[in-house]
$ cat entry.txt   # compact mmCIF, N, CA and C atoms
# COMPACT_ATOMS: atom_id res chain seq x y z
N MET A 1 -12.77 4.56 -8.57
CA MET A 1 -12.54 5.99 -8.46
C MET A 1 -11.32 6.35 -9.31
N LYS A 2 -11.45 7.40 -10.06
CA LYS A 2 -10.35 7.88 -10.89
C LYS A 2 -10.32 9.39 -10.75
N ARG A 3 -9.12 9.94 -10.56
CA ARG A 3 -9.01 11.40 -10.49
C ARG A 3 -7.60 11.85 -10.78
N VAL A 4 -7.50 13.09 -11.21
CA VAL A 4 -6.22 13.75 -11.46
C VAL A 4 -5.96 14.67 -10.27
N PHE A 5 -4.70 14.71 -9.82
CA PHE A 5 -4.37 15.55 -8.67
C PHE A 5 -2.95 16.07 -8.78
N GLU A 6 -2.70 17.13 -8.03
CA GLU A 6 -1.34 17.65 -7.92
C GLU A 6 -0.67 16.92 -6.78
N ILE A 7 0.62 16.72 -6.86
CA ILE A 7 1.35 15.96 -5.85
C ILE A 7 1.15 16.56 -4.45
N ASP A 8 0.90 17.89 -4.37
CA ASP A 8 0.64 18.55 -3.09
C ASP A 8 -0.67 18.07 -2.46
N GLU A 9 -1.54 17.45 -3.23
CA GLU A 9 -2.83 16.99 -2.74
C GLU A 9 -2.80 15.52 -2.32
N ILE A 10 -1.61 14.99 -2.13
CA ILE A 10 -1.47 13.56 -1.85
C ILE A 10 -2.16 13.16 -0.54
N LYS A 11 -2.21 14.07 0.44
CA LYS A 11 -2.87 13.75 1.71
C LYS A 11 -4.35 13.48 1.49
N GLU A 12 -4.98 14.30 0.67
CA GLU A 12 -6.41 14.09 0.38
C GLU A 12 -6.64 12.76 -0.33
N VAL A 13 -5.75 12.42 -1.25
CA VAL A 13 -5.85 11.14 -1.95
C VAL A 13 -5.68 9.99 -0.96
N ALA A 14 -4.71 10.12 -0.05
CA ALA A 14 -4.49 9.09 0.97
C ALA A 14 -5.72 8.93 1.86
N ASP A 15 -6.37 10.03 2.20
CA ASP A 15 -7.59 9.97 3.01
C ASP A 15 -8.71 9.24 2.27
N GLU A 16 -8.83 9.50 0.97
CA GLU A 16 -9.84 8.81 0.17
C GLU A 16 -9.56 7.31 0.11
N LEU A 17 -8.28 6.97 -0.03
CA LEU A 17 -7.89 5.56 -0.05
C LEU A 17 -8.21 4.92 1.30
N LEU A 18 -7.97 5.63 2.39
CA LEU A 18 -8.26 5.09 3.71
C LEU A 18 -9.74 4.78 3.87
N ASP A 19 -10.61 5.64 3.35
CA ASP A 19 -12.05 5.36 3.41
C ASP A 19 -12.38 4.06 2.69
N ILE A 20 -11.78 3.85 1.54
CA ILE A 20 -12.01 2.61 0.78
C ILE A 20 -11.47 1.41 1.54
N VAL A 21 -10.30 1.56 2.14
CA VAL A 21 -9.69 0.47 2.91
C VAL A 21 -10.57 0.09 4.09
N LYS A 22 -11.08 1.07 4.81
CA LYS A 22 -11.95 0.78 5.96
C LYS A 22 -13.18 -0.01 5.53
N GLN A 23 -13.77 0.35 4.40
CA GLN A 23 -14.95 -0.35 3.90
C GLN A 23 -14.62 -1.76 3.44
N SER A 24 -13.37 -2.01 3.08
CA SER A 24 -12.96 -3.30 2.55
C SER A 24 -12.38 -4.23 3.60
N ALA A 25 -12.21 -3.75 4.83
CA ALA A 25 -11.60 -4.57 5.89
C ALA A 25 -12.37 -5.87 6.06
N LYS A 26 -11.63 -6.94 6.24
CA LYS A 26 -12.22 -8.28 6.36
C LYS A 26 -11.99 -8.83 7.76
N ASN A 27 -12.82 -9.77 8.14
CA ASN A 27 -12.65 -10.43 9.44
C ASN A 27 -11.87 -11.72 9.34
N ASN A 28 -11.53 -12.15 8.14
CA ASN A 28 -10.86 -13.45 8.01
C ASN A 28 -9.51 -13.38 7.28
N SER A 29 -9.10 -12.19 6.86
CA SER A 29 -7.79 -12.07 6.20
C SER A 29 -7.35 -10.61 6.19
N ALA A 30 -6.08 -10.43 5.88
CA ALA A 30 -5.52 -9.08 5.81
C ALA A 30 -6.19 -8.30 4.69
N THR A 31 -6.09 -6.99 4.77
CA THR A 31 -6.55 -6.11 3.70
C THR A 31 -5.32 -5.69 2.92
N LEU A 32 -5.38 -5.85 1.62
CA LEU A 32 -4.22 -5.61 0.77
C LEU A 32 -4.50 -4.51 -0.24
N VAL A 33 -3.56 -3.57 -0.33
CA VAL A 33 -3.61 -2.51 -1.33
C VAL A 33 -2.40 -2.69 -2.25
N ALA A 34 -2.67 -2.92 -3.53
CA ALA A 34 -1.63 -3.15 -4.53
C ALA A 34 -1.38 -1.85 -5.29
N LEU A 35 -0.17 -1.29 -5.12
CA LEU A 35 0.18 0.01 -5.70
C LEU A 35 1.04 -0.15 -6.95
N SER A 36 0.50 0.23 -8.09
CA SER A 36 1.22 0.12 -9.37
C SER A 36 1.52 1.50 -9.93
N GLY A 37 2.60 1.59 -10.67
CA GLY A 37 2.98 2.83 -11.33
C GLY A 37 4.46 2.79 -11.64
N GLU A 38 4.87 3.56 -12.63
CA GLU A 38 6.27 3.55 -13.01
C GLU A 38 7.13 4.17 -11.91
N LEU A 39 8.44 4.01 -12.05
CA LEU A 39 9.37 4.62 -11.08
C LEU A 39 9.09 6.11 -10.97
N GLY A 40 9.02 6.60 -9.74
CA GLY A 40 8.80 8.02 -9.52
C GLY A 40 7.37 8.49 -9.63
N ALA A 41 6.43 7.57 -9.80
CA ALA A 41 5.02 7.96 -9.95
C ALA A 41 4.42 8.48 -8.65
N GLY A 42 4.91 7.97 -7.51
CA GLY A 42 4.40 8.43 -6.23
C GLY A 42 3.87 7.33 -5.33
N LYS A 43 4.23 6.09 -5.58
CA LYS A 43 3.75 4.98 -4.76
C LYS A 43 4.21 5.11 -3.31
N THR A 44 5.49 5.37 -3.12
CA THR A 44 6.01 5.52 -1.76
C THR A 44 5.49 6.81 -1.12
N THR A 45 5.37 7.86 -1.89
CA THR A 45 4.85 9.13 -1.37
C THR A 45 3.41 8.95 -0.89
N LEU A 46 2.61 8.21 -1.64
CA LEU A 46 1.24 7.92 -1.22
C LEU A 46 1.25 7.07 0.04
N THR A 47 2.12 6.08 0.11
CA THR A 47 2.22 5.24 1.30
C THR A 47 2.59 6.07 2.52
N GLN A 48 3.52 7.00 2.37
CA GLN A 48 3.93 7.86 3.48
C GLN A 48 2.77 8.73 3.97
N ALA A 49 2.02 9.32 3.04
CA ALA A 49 0.86 10.14 3.42
C ALA A 49 -0.21 9.29 4.09
N PHE A 50 -0.41 8.10 3.57
CA PHE A 50 -1.39 7.16 4.13
C PHE A 50 -0.99 6.80 5.56
N ALA A 51 0.30 6.48 5.76
CA ALA A 51 0.79 6.10 7.09
C ALA A 51 0.62 7.24 8.09
N ARG A 52 0.93 8.46 7.69
CA ARG A 52 0.74 9.60 8.58
C ARG A 52 -0.74 9.75 8.93
N GLY A 53 -1.60 9.50 7.96
CA GLY A 53 -3.04 9.62 8.16
C GLY A 53 -3.62 8.60 9.13
N ILE A 54 -2.92 7.48 9.32
CA ILE A 54 -3.41 6.48 10.27
C ILE A 54 -2.60 6.51 11.57
N GLY A 55 -1.84 7.58 11.77
CA GLY A 55 -1.19 7.80 13.05
C GLY A 55 0.20 7.23 13.22
N ILE A 56 0.83 6.81 12.15
CA ILE A 56 2.20 6.29 12.26
C ILE A 56 3.15 7.48 12.35
N LYS A 57 3.89 7.54 13.44
CA LYS A 57 4.78 8.68 13.69
C LYS A 57 6.18 8.46 13.09
N GLU A 58 6.56 7.20 12.93
CA GLU A 58 7.89 6.89 12.39
C GLU A 58 8.01 7.37 10.95
N ASP A 59 9.24 7.59 10.52
CA ASP A 59 9.48 7.86 9.11
C ASP A 59 9.21 6.58 8.33
N VAL A 60 8.37 6.67 7.33
CA VAL A 60 8.08 5.52 6.48
C VAL A 60 9.02 5.58 5.29
N LEU A 61 9.94 4.64 5.27
CA LEU A 61 10.97 4.62 4.24
C LEU A 61 10.66 3.54 3.22
N SER A 62 11.15 3.73 2.02
CA SER A 62 10.96 2.72 0.99
C SER A 62 11.65 1.42 1.40
N PRO A 63 10.94 0.30 1.32
CA PRO A 63 11.56 -0.98 1.67
C PRO A 63 12.21 -1.68 0.47
N THR A 64 12.66 -0.92 -0.51
CA THR A 64 13.21 -1.51 -1.73
C THR A 64 14.30 -2.54 -1.45
N PHE A 65 15.21 -2.25 -0.54
CA PHE A 65 16.33 -3.16 -0.32
C PHE A 65 16.08 -4.18 0.78
N VAL A 66 15.13 -3.89 1.69
CA VAL A 66 14.82 -4.85 2.75
C VAL A 66 13.52 -5.61 2.44
N LEU A 67 12.83 -5.23 1.39
CA LEU A 67 11.58 -5.81 0.89
C LEU A 67 10.35 -5.49 1.73
N MET A 68 10.49 -5.45 3.07
CA MET A 68 9.30 -5.27 3.90
C MET A 68 9.64 -4.49 5.17
N ARG A 69 8.74 -3.59 5.53
CA ARG A 69 8.84 -2.86 6.81
C ARG A 69 7.47 -2.97 7.48
N ILE A 70 7.48 -3.13 8.78
CA ILE A 70 6.24 -3.29 9.55
C ILE A 70 6.15 -2.15 10.56
N TYR A 71 4.97 -1.51 10.61
CA TYR A 71 4.73 -0.39 11.51
C TYR A 71 3.51 -0.68 12.37
N LYS A 72 3.58 -0.30 13.63
CA LYS A 72 2.44 -0.43 14.54
C LYS A 72 1.49 0.72 14.27
N ILE A 73 0.20 0.41 14.16
CA ILE A 73 -0.81 1.43 13.87
C ILE A 73 -1.41 1.94 15.17
N ASP A 74 -1.55 3.24 15.27
CA ASP A 74 -2.19 3.90 16.42
C ASP A 74 -3.65 3.49 16.45
N ASP A 75 -4.04 2.74 17.47
CA ASP A 75 -5.40 2.21 17.51
C ASP A 75 -6.48 3.29 17.66
N LYS A 76 -6.09 4.50 18.05
CA LYS A 76 -7.07 5.59 18.15
C LYS A 76 -7.56 6.02 16.76
N LYS A 77 -6.73 5.84 15.77
CA LYS A 77 -7.09 6.27 14.42
C LYS A 77 -8.01 5.29 13.71
N LEU A 78 -7.82 4.01 13.94
CA LEU A 78 -8.59 3.01 13.19
C LEU A 78 -9.46 2.13 14.06
N GLY A 79 -9.57 2.49 15.33
CA GLY A 79 -10.51 1.80 16.21
C GLY A 79 -10.36 0.29 16.23
N LYS A 80 -9.15 -0.19 16.30
CA LYS A 80 -8.86 -1.62 16.40
C LYS A 80 -9.12 -2.41 15.12
N ILE A 81 -9.37 -1.74 14.00
CA ILE A 81 -9.57 -2.47 12.75
C ILE A 81 -8.26 -3.15 12.34
N PHE A 82 -7.17 -2.40 12.43
CA PHE A 82 -5.86 -2.91 12.04
C PHE A 82 -4.84 -2.66 13.15
N GLU A 83 -3.85 -3.55 13.25
CA GLU A 83 -2.77 -3.37 14.23
C GLU A 83 -1.44 -3.01 13.57
N HIS A 84 -1.25 -3.50 12.33
CA HIS A 84 0.04 -3.28 11.66
C HIS A 84 -0.16 -2.84 10.21
N LEU A 85 0.67 -1.89 9.81
CA LEU A 85 0.81 -1.53 8.41
C LEU A 85 2.07 -2.25 7.93
N ILE A 86 1.92 -3.06 6.91
CA ILE A 86 3.06 -3.78 6.35
C ILE A 86 3.29 -3.22 4.95
N HIS A 87 4.45 -2.60 4.78
CA HIS A 87 4.81 -1.95 3.52
C HIS A 87 5.83 -2.84 2.81
N ILE A 88 5.47 -3.31 1.64
CA ILE A 88 6.31 -4.21 0.86
C ILE A 88 6.63 -3.58 -0.48
N ASP A 89 7.87 -3.72 -0.90
CA ASP A 89 8.28 -3.27 -2.22
C ASP A 89 8.81 -4.49 -2.98
N ALA A 90 8.06 -4.91 -3.99
CA ALA A 90 8.41 -6.12 -4.74
C ALA A 90 9.29 -5.83 -5.96
N TYR A 91 9.77 -4.61 -6.11
CA TYR A 91 10.54 -4.22 -7.29
C TYR A 91 11.73 -5.15 -7.55
N ARG A 92 12.44 -5.53 -6.50
CA ARG A 92 13.65 -6.33 -6.65
C ARG A 92 13.38 -7.84 -6.61
N ILE A 93 12.13 -8.22 -6.42
CA ILE A 93 11.79 -9.64 -6.36
C ILE A 93 11.78 -10.22 -7.77
N GLU A 94 12.46 -11.33 -7.93
CA GLU A 94 12.51 -11.99 -9.23
C GLU A 94 11.63 -13.22 -9.29
N ASP A 95 11.23 -13.72 -8.13
CA ASP A 95 10.39 -14.91 -8.07
C ASP A 95 9.45 -14.77 -6.87
N GLU A 96 8.19 -15.11 -7.06
CA GLU A 96 7.21 -14.99 -5.98
C GLU A 96 7.62 -15.76 -4.73
N LYS A 97 8.42 -16.79 -4.90
CA LYS A 97 8.86 -17.60 -3.75
C LYS A 97 9.63 -16.75 -2.74
N GLU A 98 10.28 -15.68 -3.21
CA GLU A 98 11.02 -14.80 -2.30
C GLU A 98 10.08 -14.18 -1.28
N LEU A 99 8.89 -13.79 -1.72
CA LEU A 99 7.91 -13.21 -0.81
C LEU A 99 7.31 -14.29 0.09
N LEU A 100 7.13 -15.46 -0.44
CA LEU A 100 6.61 -16.57 0.36
C LEU A 100 7.54 -16.90 1.52
N THR A 101 8.86 -16.81 1.30
CA THR A 101 9.82 -17.12 2.38
C THR A 101 9.80 -16.07 3.49
N LEU A 102 9.22 -14.91 3.23
CA LEU A 102 9.08 -13.87 4.26
C LEU A 102 7.83 -14.07 5.11
N GLY A 103 7.11 -15.16 4.87
CA GLY A 103 5.90 -15.43 5.65
C GLY A 103 4.65 -14.84 5.04
N TRP A 104 4.62 -14.68 3.74
CA TRP A 104 3.49 -14.06 3.03
C TRP A 104 2.14 -14.67 3.41
N GLN A 105 2.07 -16.00 3.43
CA GLN A 105 0.79 -16.66 3.73
C GLN A 105 0.30 -16.31 5.14
N GLU A 106 1.21 -16.28 6.10
CA GLU A 106 0.83 -15.94 7.48
C GLU A 106 0.42 -14.48 7.59
N ILE A 107 1.13 -13.62 6.89
CA ILE A 107 0.80 -12.18 6.89
C ILE A 107 -0.62 -11.98 6.35
N LEU A 108 -0.94 -12.70 5.26
CA LEU A 108 -2.28 -12.57 4.66
C LEU A 108 -3.39 -13.12 5.55
N LYS A 109 -3.10 -14.08 6.38
CA LYS A 109 -4.12 -14.70 7.23
C LYS A 109 -4.57 -13.80 8.37
N ASN A 110 -3.74 -12.85 8.77
CA ASN A 110 -4.03 -12.02 9.93
C ASN A 110 -4.90 -10.82 9.52
N ASP A 111 -6.16 -10.82 9.96
CA ASP A 111 -7.08 -9.74 9.58
C ASP A 111 -6.74 -8.41 10.22
N LYS A 112 -5.77 -8.37 11.09
CA LYS A 112 -5.33 -7.12 11.71
C LYS A 112 -4.19 -6.48 10.92
N ASN A 113 -3.79 -7.11 9.82
CA ASN A 113 -2.73 -6.57 8.96
C ASN A 113 -3.32 -5.78 7.81
N LEU A 114 -2.75 -4.62 7.58
CA LEU A 114 -3.06 -3.78 6.43
C LEU A 114 -1.77 -3.74 5.61
N ILE A 115 -1.82 -4.29 4.40
CA ILE A 115 -0.62 -4.43 3.58
C ILE A 115 -0.70 -3.48 2.39
N LEU A 116 0.35 -2.70 2.19
CA LEU A 116 0.50 -1.90 0.98
C LEU A 116 1.71 -2.46 0.25
N ILE A 117 1.51 -2.95 -0.96
CA ILE A 117 2.60 -3.55 -1.72
C ILE A 117 2.82 -2.78 -3.02
N GLU A 118 4.05 -2.32 -3.19
CA GLU A 118 4.45 -1.66 -4.43
C GLU A 118 4.94 -2.70 -5.41
N TRP A 119 4.70 -2.49 -6.69
CA TRP A 119 5.10 -3.39 -7.76
C TRP A 119 4.41 -4.76 -7.64
N PRO A 120 3.10 -4.80 -7.42
CA PRO A 120 2.41 -6.08 -7.26
C PRO A 120 2.46 -6.95 -8.51
N GLU A 121 2.68 -6.33 -9.67
CA GLU A 121 2.76 -7.11 -10.90
C GLU A 121 3.93 -8.09 -10.89
N LYS A 122 4.93 -7.85 -10.04
CA LYS A 122 6.08 -8.75 -9.92
C LYS A 122 5.71 -10.05 -9.21
N VAL A 123 4.61 -10.01 -8.44
CA VAL A 123 4.18 -11.18 -7.66
C VAL A 123 2.68 -11.42 -7.88
N SER A 124 2.21 -11.16 -9.07
CA SER A 124 0.77 -11.19 -9.35
C SER A 124 0.10 -12.53 -9.04
N GLY A 125 0.85 -13.62 -9.11
CA GLY A 125 0.27 -14.93 -8.85
C GLY A 125 -0.11 -15.16 -7.39
N ILE A 126 0.40 -14.33 -6.48
CA ILE A 126 0.07 -14.51 -5.06
C ILE A 126 -0.68 -13.31 -4.46
N ILE A 127 -1.16 -12.43 -5.33
CA ILE A 127 -1.99 -11.30 -4.88
C ILE A 127 -3.44 -11.79 -4.84
N PRO A 128 -4.10 -11.69 -3.68
CA PRO A 128 -5.49 -12.16 -3.60
C PRO A 128 -6.43 -11.34 -4.49
N GLU A 129 -7.49 -11.98 -4.95
CA GLU A 129 -8.48 -11.30 -5.79
C GLU A 129 -9.15 -10.15 -5.05
N SER A 130 -9.17 -10.21 -3.74
CA SER A 130 -9.84 -9.18 -2.93
C SER A 130 -9.02 -7.90 -2.80
N ALA A 131 -7.82 -7.86 -3.37
CA ALA A 131 -6.94 -6.68 -3.23
C ALA A 131 -7.58 -5.43 -3.82
N ILE A 132 -7.26 -4.32 -3.20
CA ILE A 132 -7.63 -3.00 -3.73
C ILE A 132 -6.47 -2.60 -4.64
N HIS A 133 -6.78 -2.27 -5.89
CA HIS A 133 -5.73 -1.92 -6.85
C HIS A 133 -5.67 -0.41 -7.04
N VAL A 134 -4.46 0.12 -6.93
CA VAL A 134 -4.23 1.55 -7.10
C VAL A 134 -3.18 1.72 -8.20
N LYS A 135 -3.55 2.46 -9.25
CA LYS A 135 -2.61 2.78 -10.32
C LYS A 135 -2.34 4.27 -10.28
N ILE A 136 -1.06 4.62 -10.32
CA ILE A 136 -0.67 6.03 -10.35
C ILE A 136 0.08 6.27 -11.66
N LEU A 137 -0.36 7.28 -12.39
CA LEU A 137 0.25 7.62 -13.68
C LEU A 137 0.77 9.05 -13.66
N HIS A 138 1.95 9.26 -14.27
CA HIS A 138 2.47 10.61 -14.48
C HIS A 138 1.60 11.31 -15.51
N LYS A 139 1.19 12.52 -15.22
CA LYS A 139 0.47 13.34 -16.19
C LYS A 139 1.17 14.68 -16.39
N GLY A 140 2.28 14.86 -15.72
CA GLY A 140 3.05 16.10 -15.77
C GLY A 140 4.02 16.08 -14.61
N GLU A 141 4.88 17.09 -14.54
CA GLU A 141 5.91 17.11 -13.50
C GLU A 141 5.33 16.95 -12.11
N ARG A 142 4.24 17.66 -11.81
CA ARG A 142 3.63 17.59 -10.48
C ARG A 142 2.18 17.08 -10.52
N ILE A 143 1.78 16.57 -11.66
CA ILE A 143 0.40 16.10 -11.84
C ILE A 143 0.40 14.58 -11.98
N ARG A 144 -0.53 13.96 -11.27
CA ARG A 144 -0.68 12.51 -11.35
C ARG A 144 -2.15 12.16 -11.56
N GLU A 145 -2.37 11.00 -12.11
CA GLU A 145 -3.71 10.45 -12.21
C GLU A 145 -3.71 9.18 -11.36
N ILE A 146 -4.75 9.01 -10.59
CA ILE A 146 -4.86 7.82 -9.75
C ILE A 146 -6.17 7.12 -10.06
N GLU A 147 -6.09 5.82 -10.11
CA GLU A 147 -7.30 5.01 -10.29
C GLU A 147 -7.30 3.95 -9.20
N ILE A 148 -8.37 3.93 -8.42
CA ILE A 148 -8.52 2.96 -7.34
C ILE A 148 -9.68 2.06 -7.69
N SER A 149 -9.42 0.74 -7.65
CA SER A 149 -10.48 -0.21 -8.02
C SER A 149 -10.32 -1.50 -7.23
N LYS A 150 -11.41 -2.22 -7.19
CA LYS A 150 -11.41 -3.58 -6.65
C LYS A 150 -11.72 -4.49 -7.80
N GLN A 151 -10.97 -5.57 -7.95
CA GLN A 151 -11.19 -6.48 -9.08
C GLN A 151 -12.46 -7.26 -8.92

$ encode --input "entry.txt" --output "structure tokens"
Amino acid sequence: MKRVFEIDEIKEVADELLDIVKQSAKNNSATLVALSGELGAGKTTLTQAFARGIGIKEDVLSPTFVLMRIYKIDDKKLGKIFEHLIHIDAYRIEDEKELLTLGWQEILKNDKNLILIEWPEKVSGIIPESAIHVKILHKGERIREIEISKQ
């Protein structure tokens, strides 16, 4: 899926991504969404809209300095498909081993985890082939292009 949108339409884009995520949910591993785009493209903004759409009431903050934040998912929204949204920002990671020390392999094994990772290109060697890839491009001050694909 590829489309151009205004930043005000981010909720609709997040809803479309949620539909794709639901269809991609697995019974044997976590579902991973890899968010790529330059600084300021809207990766965190999309994650925040996505989180609100699945019933997370907490403020979803960028995990740039802590690398990872974990949120409990409201089971009424996703019908027990997922229990946790794990938001990771790999921007400051210099070596994939840093993510491995956070328990990456265990996080991936749990099929109740929904992972959104920003800057996946920094840890491309440990991103599963089954990941949903989202690219966000600047097309103007308030205009973005998004491309969602599965490899």

$ select_by_dssp --input "entry.txt" --residues "stretch 19-137 of chain A" --states "strand (DSSP E or B)" --output "PDB file with N, CA and C atoms, in the coordinates of the input"
ATOM      1  N   THR A  31      -6.090  -6.990   4.770  1.00  0.00           N
ATOM      2  CA  THR A  31      -6.550  -6.110   3.700  1.00  0.00           C
ATOM      3  C   THR A  31      -5.320  -5.690   2.920  1.00  0.00           C
ATOM      4  N   LEU A  32      -5.380  -5.850   1.620  1.00  0.00           N
ATOM      5  CA  LEU A  32      -4.220  -5.610   0.770  1.00  0.00           C
ATOM      6  C   LEU A  32      -4.500  -4.510  -0.240  1.00  0.00           C
ATOM      7  N   VAL A  33      -3.560  -3.570  -0.330  1.00  0.00           N
ATOM      8  CA  VAL A  33      -3.610  -2.510  -1.330  1.00  0.00           C
ATOM      9  C   VAL A  33      -2.400  -2.690  -2.250  1.00  0.00           C
ATOM     10  N   ALA A  34      -2.670  -2.920  -3.530  1.00  0.00           N
ATOM     11  CA  ALA A  34      -1.630  -3.150  -4.530  1.00  0.00           C
ATOM     12  C   ALA A  34      -1.380  -1.850  -5.290  1.00  0.00           C
ATOM     13  N   LEU A  35      -0.170  -1.290  -5.120  1.00  0.00           N
ATOM     14  CA  LEU A  35       0.180   0.010  -5.700  1.00  0.00           C
ATOM     15  C   LEU A  35       1.040  -0.150  -6.950  1.00  0.00           C
ATOM     16  N   SER A  36       0.500   0.230  -8.090  1.00  0.00           N
ATOM     17  CA  SER A  36       1.220   0.120  -9.370  1.00  0.00           C
ATOM     18  C   SER A  36       1.520   1.500  -9.930  1.00  0.00           C
ATOM     19  N   MET A  68      10.490  -5.450   3.070  1.00  0.00           N
ATOM     20  CA  MET A  68       9.300  -5.270   3.900  1.00  0.00           C
ATOM     21  C   MET A  68       9.640  -4.490   5.170  1.00  0.00           C
ATOM     22  N   ARG A  69       8.740  -3.590   5.530  1.00  0.00           N
ATOM     23  CA  ARG A  69       8.840  -2.860   6.810  1.00  0.00           C
ATOM     24  C   ARG A  69       7.470  -2.970   7.480  1.00  0.00           C
ATOM     25  N   ILE A  70       7.480  -3.130   8.780  1.00  0.00           N
ATOM     26  CA  ILE A  70       6.240  -3.290   9.550  1.00  0.00           C
ATOM     27  C   ILE A  70       6.150  -2.150  10.560  1.00  0.00           C
ATOM     28  N   TYR A  71       4.970  -1.510  10.610  1.00  0.00           N
ATOM     29  CA  TYR A  71       4.730  -0.390  11.510  1.00  0.00           C
ATOM     30  C   TYR A  71       3.510  -0.680  12.370  1.00  0.00           C
ATOM     31  N   LYS A  72       3.580  -0.300  13.630  1.00  0.00           N
ATOM     32  CA  LYS A  72       2.440  -0.430  14.540  1.00  0.00           C
ATOM     33  C   LYS A  72       1.490   0.720  14.270  1.00  0.00           C
ATOM     34  N   HIS A  84      -1.250  -3.500  12.330  1.00  0.00           N
ATOM     35  CA  HIS A  84       0.040  -3.280  11.660  1.00  0.00           C
ATOM     36  C   HIS A  84      -0.160  -2.840  10.210  1.00  0.00           C
ATOM     37  N   LEU A  85       0.670  -1.890   9.810  1.00  0.00           N
ATOM     38  CA  LEU A  85       0.810  -1.530   8.410  1.00  0.00           C
ATOM     39  C   LEU A  85       2.070  -2.250   7.930  1.00  0.00           C
ATOM     40  N   ILE A  86       1.920  -3.060   6.910  1.00  0.00           N
ATOM     41  CA  ILE A  86       3.060  -3.780   6.350  1.00  0.00           C
ATOM     42  C   ILE A  86       3.290  -3.220   4.950  1.00  0.00           C
ATOM     43  N   HIS A  87       4.450  -2.600   4.780  1.00  0.00           N
ATOM     44  CA  HIS A  87       4.810  -1.950   3.520  1.00  0.00           C
ATOM     45  C   HIS A  87       5.830  -2.840   2.810  1.00  0.00           C
ATOM     46  N   ILE A  88       5.470  -3.310   1.640  1.00  0.00           N
ATOM     47  CA  ILE A  88       6.310  -4.210   0.860  1.00  0.00           C
ATOM     48  C   ILE A  88       6.630  -3.580  -0.480  1.00  0.00           C
ATOM     49  N   ASP A  89       7.870  -3.720  -0.900  1.00  0.00           N
ATOM     50  CA  ASP A  89       8.280  -3.270  -2.220  1.00  0.00           C
ATOM     51  C   ASP A  89       8.810  -4.490  -2.980  1.00  0.00           C
ATOM     52  N   ASN A 113      -3.790  -7.110   9.820  1.00  0.00           N
ATOM     53  CA  ASN A 113      -2.730  -6.570   8.960  1.00  0.00           C
ATOM     54  C   ASN A 113      -3.320  -5.780   7.810  1.00  0.00           C
ATOM     55  N   LEU A 114      -2.750  -4.620   7.580  1.00  0.00           N
ATOM     56  CA  LEU A 114      -3.060  -3.780   6.430  1.00  0.00           C
ATOM     57  C   LEU A 114      -1.770  -3.740   5.610  1.00  0.00           C
ATOM     58  N   ILE A 115      -1.820  -4.290   4.400  1.00  0.00           N
ATOM     59  CA  ILE A 115      -0.620  -4.430   3.580  1.00  0.00           C
ATOM     60  C   ILE A 115      -0.700  -3.480   2.390  1.00  0.00           C
ATOM     61  N   LEU A 116       0.350  -2.700   2.190  1.00  0.00           N
ATOM     62  CA  LEU A 116       0.500  -1.900   0.980  1.00  0.00           C
ATOM     63  C   LEU A 116       1.710  -2.460   0.250  1.00  0.00           C
ATOM     64  N   ILE A 117       1.510  -2.950  -0.960  1.00  0.00           N
ATOM     65  CA  ILE A 117       2.600  -3.550  -1.720  1.00  0.00           C
ATOM     66  C   ILE A 117       2.820  -2.780  -3.020  1.00  0.00           C
ATOM     67  N   GLU A 118       4.050  -2.320  -3.190  1.00  0.00           N
ATOM     68  CA  GLU A 118       4.450  -1.660  -4.430  1.00  0.00           C
ATOM     69  C   GLU A 118       4.940  -2.700  -5.410  1.00  0.00           C
ATOM     70  N   ILE A 132      -7.260  -4.320  -3.200  1.00  0.00           N
ATOM     71  CA  ILE A 132      -7.630  -3.000  -3.730  1.00  0.00           C
ATOM     72  C   ILE A 132      -6.470  -2.600  -4.640  1.00  0.00           C
ATOM     73  N   HIS A 133      -6.780  -2.270  -5.890  1.00  0.00           N
ATOM     74  CA  HIS A 133      -5.730  -1.920  -6.850  1.00  0.00           C
ATOM     75  C   HIS A 133      -5.670  -0.410  -7.040  1.00  0.00           C
ATOM     76  N   VAL A 134      -4.460   0.120  -6.930  1.00  0.00           N
ATOM     77  CA  VAL A 134      -4.230   1.550  -7.100  1.00  0.00           C
ATOM     78  C   VAL A 134      -3.180   1.720  -8.200  1.00  0.00           C
ATOM     79  N   LYS A 135      -3.550   2.460  -9.250  1.00  0.00           N
ATOM     80  CA  LYS A 135      -2.610   2.780 -10.320  1.00  0.00           C
ATOM     81  C   LYS A 135      -2.340   4.270 -10.280  1.00  0.00           C
ATOM     82  N   ILE A 136      -1.060   4.620 -10.320  1.00  0.00           N
ATOM     83  CA  ILE A 136      -0.670   6.030 -10.350  1.00  0.00           C
ATOM     84  C   ILE A 136       0.080   6.270 -11.660  1.00  0.00           C
ATOM     85  N   LEU A 137      -0.360   7.280 -12.390  1.00  0.00           N
ATOM     86  CA  LEU A 137       0.250   7.620 -13.680  1.00  0.00           C
ATOM     87  C   LEU A 137       0.770   9.050 -13.660  1.00  0.00           C
TER      88      LEU A 137
END

$ atom_distance --input "entry.txt" --atom1 "atom CA of A:Trp104" --atom2 "atom N of A:Asp15"
26.0 Å

$ closest_residue --input "entry.txt" --among "A:Ile88, A:Val33, A:Ile115, A:Ala14" --to "A:Val66" --atoms "only N, CA and C atoms"
A:Ile88

$ residues_around --input "entry.txt" --residues "A:Ile7" --least-positions-apart "3" --cutoff "10 Å" --atoms "only C-alpha atoms" --output "PyMOL selection string"
chain A and resi 4+10-11+13+41-42+45-46+141-145

$ closest_atom_pairs --input "entry.txt" --of "stretch 8-95 of chain A" --to "stretch 122-135 of chain A" --cutoff "6.5 Å" --atoms "only N, CA and C atoms" --output "tab-separated table"
residue	atom	partner	partner_atom	distance
A:Thr31	C	A:Ala131	CA	6.4
A:Leu32	C	A:Ile132	N	4.1
A:Val33	CA	A:Ile132	C	4.4
A:Ala34	N	A:Ile132	C	4.0
A:Leu35	CA	A:Val134	C	4.5
A:Ser36	N	A:Val134	C	4.0
A:Gly37	N	A:Lys135	CA	5.4
A:Ala90	C	A:Lys122	CA	5.9
A:Ile93	C	A:Lys122	C	6.2
A:Asp95	C	A:Val123	CA	6.4
